[in-house]
Amino acid sequence: MITPEHLKIWRSEENSLLTLLETPKLPRCRRDQLNHQLDDVRSVIRRAEK
């Protein structure tokens, strides 16, 4: 179960991932991993907001 306190942590993780993805010379394999992780984080946030 994700409480409002947990949701803050998940949103912080989302922002961290978005910041990392702005790195210009990020290798493609790392960018793919970050995007996958971002998808997972956003999925958790969506489920928690229902």
# chains A, B, ... in the order shown; residues from 1 in each chain; ligands from 1

$ residues_around --residues "region 29-31 of chain A" --least-positions-apart "6" --cutoff "12 Å" --atoms "only C-alpha atoms" --output "VMD selection string"
chain A and resid 17 to 23 37 to 38

$ write_last_selection --atoms "N, CA and C atoms" --output "PDB file, in the first residue's frame"
ATOM      1  N   LEU A  17      14.829  10.950 -12.144  1.00  0.00           N
ATOM      2  CA  LEU A  17      15.016  10.242 -13.410  1.00  0.00           C
ATOM      3  C   LEU A  17      14.904  11.201 -14.594  1.00  0.00           C
ATOM      4  N   LEU A  18      13.948  12.105 -14.530  1.00  0.00           N
ATOM      5  CA  LEU A  18      13.799  13.081 -15.612  1.00  0.00           C
ATOM      6  C   LEU A  18      15.042  13.966 -15.720  1.00  0.00           C
ATOM      7  N   THR A  19      15.600  14.327 -14.595  1.00  0.00           N
ATOM      8  CA  THR A  19      16.819  15.135 -14.591  1.00  0.00           C
ATOM      9  C   THR A  19      17.980  14.355 -15.215  1.00  0.00           C
ATOM     10  N   LEU A  20      18.121  13.103 -14.837  1.00  0.00           N
ATOM     11  CA  LEU A  20      19.185  12.276 -15.417  1.00  0.00           C
ATOM     12  C   LEU A  20      19.022  12.112 -16.930  1.00  0.00           C
ATOM     13  N   LEU A  21      17.783  11.999 -17.364  1.00  0.00           N
ATOM     14  CA  LEU A  21      17.526  11.823 -18.799  1.00  0.00           C
ATOM     15  C   LEU A  21      17.855  13.070 -19.616  1.00  0.00           C
ATOM     16  N   GLU A  22      18.027  14.181 -18.957  1.00  0.00           N
ATOM     17  CA  GLU A  22      18.408  15.420 -19.654  1.00  0.00           C
ATOM     18  C   GLU A  22      19.914  15.486 -19.924  1.00  0.00           C
ATOM     19  N   THR A  23      20.662  14.526 -19.418  1.00  0.00           N
ATOM     20  CA  THR A  23      22.102  14.496 -19.635  1.00  0.00           C
ATOM     21  C   THR A  23      22.378  14.308 -21.127  1.00  0.00           C
ATOM     22  N   GLN A  37      12.896   2.445 -16.060  1.00  0.00           N
ATOM     23  CA  GLN A  37      12.678   2.731 -14.644  1.00  0.00           C
ATOM     24  C   GLN A  37      11.625   3.824 -14.478  1.00  0.00           C
ATOM     25  N   LEU A  38      11.673   4.843 -15.333  1.00  0.00           N
ATOM     26  CA  LEU A  38      10.693   5.921 -15.285  1.00  0.00           C
ATOM     27  C   LEU A  38       9.285   5.387 -15.555  1.00  0.00           C
TER      28      LEU A  38
END

$ closest_atom_pairs --of "region 2-25 of chain A" --to "region 42-47 of chain A" --cutoff "10 Å" --atoms "only C-alpha atoms" --output "tab-separated table"
residue	atom	partner	partner_atom	distance
A:Ile2	CA	A:Val44	CA	8.7
A:His6	CA	A:Ile45	CA	9.6
A:Leu7	CA	A:Ile45	CA	6.8
A:Lys8	CA	A:Ile45	CA	9.5
A:Trp10	CA	A:Ile45	CA	6.8
A:Arg11	CA	A:Ile45	CA	7.4
A:Glu13	CA	A:Arg42	CA	9.6
A:Glu14	CA	A:Arg42	CA	7.2

$ write_last_selection --atoms "all heavy atoms" --output "JSON list (two decimals), in the first residue's frame"
[["chain", "number", "residue", "atom", "x", "y", "z"],
["A", 2, "ILE", "N", 0.53, 2.19, -0.83],
["A", 2, "ILE", "CA", 1.28, 3.44, -0.91],
["A", 2, "ILE", "C", 0.43, 4.55, -0.29],
["A", 2, "ILE", "O", -0.69, 4.80, -0.72],
["A", 2, "ILE", "CB", 1.64, 3.78, -2.37],
["A", 2, "ILE", "CG1", 2.55, 2.70, -2.93],
["A", 2, "ILE", "CG2", 2.30, 5.14, -2.45],
["A", 2, "ILE", "CD1", 2.91, 2.89, -4.36],
["A", 6, "HIS", "N", 4.42, 8.12, 0.94],
["A", 6, "HIS", "CA", 5.19, 7.34, -0.03],
["A", 6, "HIS", "C", 5.14, 7.98, -1.41],
["A", 6, "HIS", "O", 6.12, 7.95, -2.15],
["A", 6, "HIS", "CB", 4.65, 5.91, -0.15],
["A", 6, "HIS", "CG", 4.82, 5.11, 1.09],
["A", 6, "HIS", "ND1", 3.75, 4.59, 1.76],
["A", 6, "HIS", "CD2", 5.92, 4.73, 1.77],
["A", 6, "HIS", "CE1", 4.18, 3.91, 2.80],
["A", 6, "HIS", "NE2", 5.50, 3.99, 2.84],
["A", 7, "LEU", "N", 4.00, 8.54, -1.74],
["A", 7, "LEU", "CA", 3.82, 9.14, -3.05],
["A", 7, "LEU", "C", 4.82, 10.28, -3.26],
["A", 7, "LEU", "O", 5.34, 10.46, -4.37],
["A", 7, "LEU", "CB", 2.38, 9.64, -3.20],
["A", 7, "LEU", "CG", 1.85, 9.85, -4.60],
["A", 7, "LEU", "CD1", 2.09, 8.64, -5.49],
["A", 7, "LEU", "CD2", 0.38, 10.18, -4.56],
["A", 8, "LYS", "N", 5.14, 11.01, -2.22],
["A", 8, "LYS", "CA", 6.13, 12.08, -2.32],
["A", 8, "LYS", "C", 7.48, 11.51, -2.73],
["A", 8, "LYS", "O", 8.19, 12.09, -3.55],
["A", 8, "LYS", "CB", 6.27, 12.81, -0.98],
["A", 8, "LYS", "CG", 5.06, 13.60, -0.59],
["A", 8, "LYS", "CD", 5.25, 14.20, 0.79],
["A", 8, "LYS", "CE", 3.95, 14.78, 1.32],
["A", 8, "LYS", "NZ", 4.10, 15.28, 2.70],
["A", 10, "TRP", "N", 8.01, 8.69, -4.41],
["A", 10, "TRP", "CA", 7.92, 8.23, -5.79],
["A", 10, "TRP", "C", 7.99, 9.40, -6.77],
["A", 10, "TRP", "O", 8.61, 9.31, -7.82],
["A", 10, "TRP", "CB", 6.64, 7.41, -6.00],
["A", 10, "TRP", "CG", 6.77, 6.04, -5.43],
["A", 10, "TRP", "CD1", 6.34, 5.62, -4.20],
["A", 10, "TRP", "CD2", 7.38, 4.91, -6.03],
["A", 10, "TRP", "NE1", 6.65, 4.30, -4.01],
["A", 10, "TRP", "CE2", 7.29, 3.84, -5.12],
["A", 10, "TRP", "CE3", 8.00, 4.69, -7.26],
["A", 10, "TRP", "CZ2", 7.80, 2.57, -5.41],
["A", 10, "TRP", "CZ3", 8.50, 3.43, -7.54],
["A", 10, "TRP", "CH2", 8.39, 2.40, -6.62],
["A", 11, "ARG", "N", 7.36, 10.51, -6.43],
["A", 11, "ARG", "CA", 7.42, 11.69, -7.30],
["A", 11, "ARG", "C", 8.83, 12.27, -7.33],
["A", 11, "ARG", "O", 9.28, 12.76, -8.37],
["A", 11, "ARG", "CB", 6.41, 12.73, -6.85],
["A", 11, "ARG", "CG", 5.00, 12.34, -7.21],
["A", 11, "ARG", "CD", 4.04, 13.50, -7.12],
["A", 11, "ARG", "NE", 2.73, 13.08, -7.55],
["A", 11, "ARG", "CZ", 1.66, 13.07, -6.78],
["A", 11, "ARG", "NH1", 1.74, 13.48, -5.53],
["A", 11, "ARG", "NH2", 0.49, 12.69, -7.25],
["A", 13, "GLU", "N", 11.52, 10.50, -7.03],
["A", 13, "GLU", "CA", 12.25, 9.57, -7.90],
["A", 13, "GLU", "C", 11.97, 9.88, -9.36],
["A", 13, "GLU", "O", 12.89, 9.87, -10.20],
["A", 13, "GLU", "CB", 11.86, 8.13, -7.57],
["A", 13, "GLU", "CG", 12.52, 7.10, -8.44],
["A", 13, "GLU", "CD", 14.02, 6.98, -8.23],
["A", 13, "GLU", "OE1", 14.55, 7.55, -7.26],
["A", 13, "GLU", "OE2", 14.67, 6.32, -9.05],
["A", 14, "GLU", "N", 10.74, 10.17, -9.69],
["A", 14, "GLU", "CA", 10.37, 10.53, -11.06],
["A", 14, "GLU", "C", 11.15, 11.76, -11.50],
["A", 14, "GLU", "O", 11.73, 11.80, -12.60],
["A", 14, "GLU", "CB", 8.86, 10.79, -11.16],
["A", 14, "GLU", "CG", 8.41, 11.20, -12.54],
["A", 14, "GLU", "CD", 6.95, 11.55, -12.60],
["A", 14, "GLU", "OE1", 6.40, 12.09, -11.60],
["A", 14, "GLU", "OE2", 6.33, 11.31, -13.64]]

$ select_by_dssp --residues "chain A" --states "alpha helix (DSSP H)" --output "PyMOL selection string"
chain A and resi 4-21+28-49
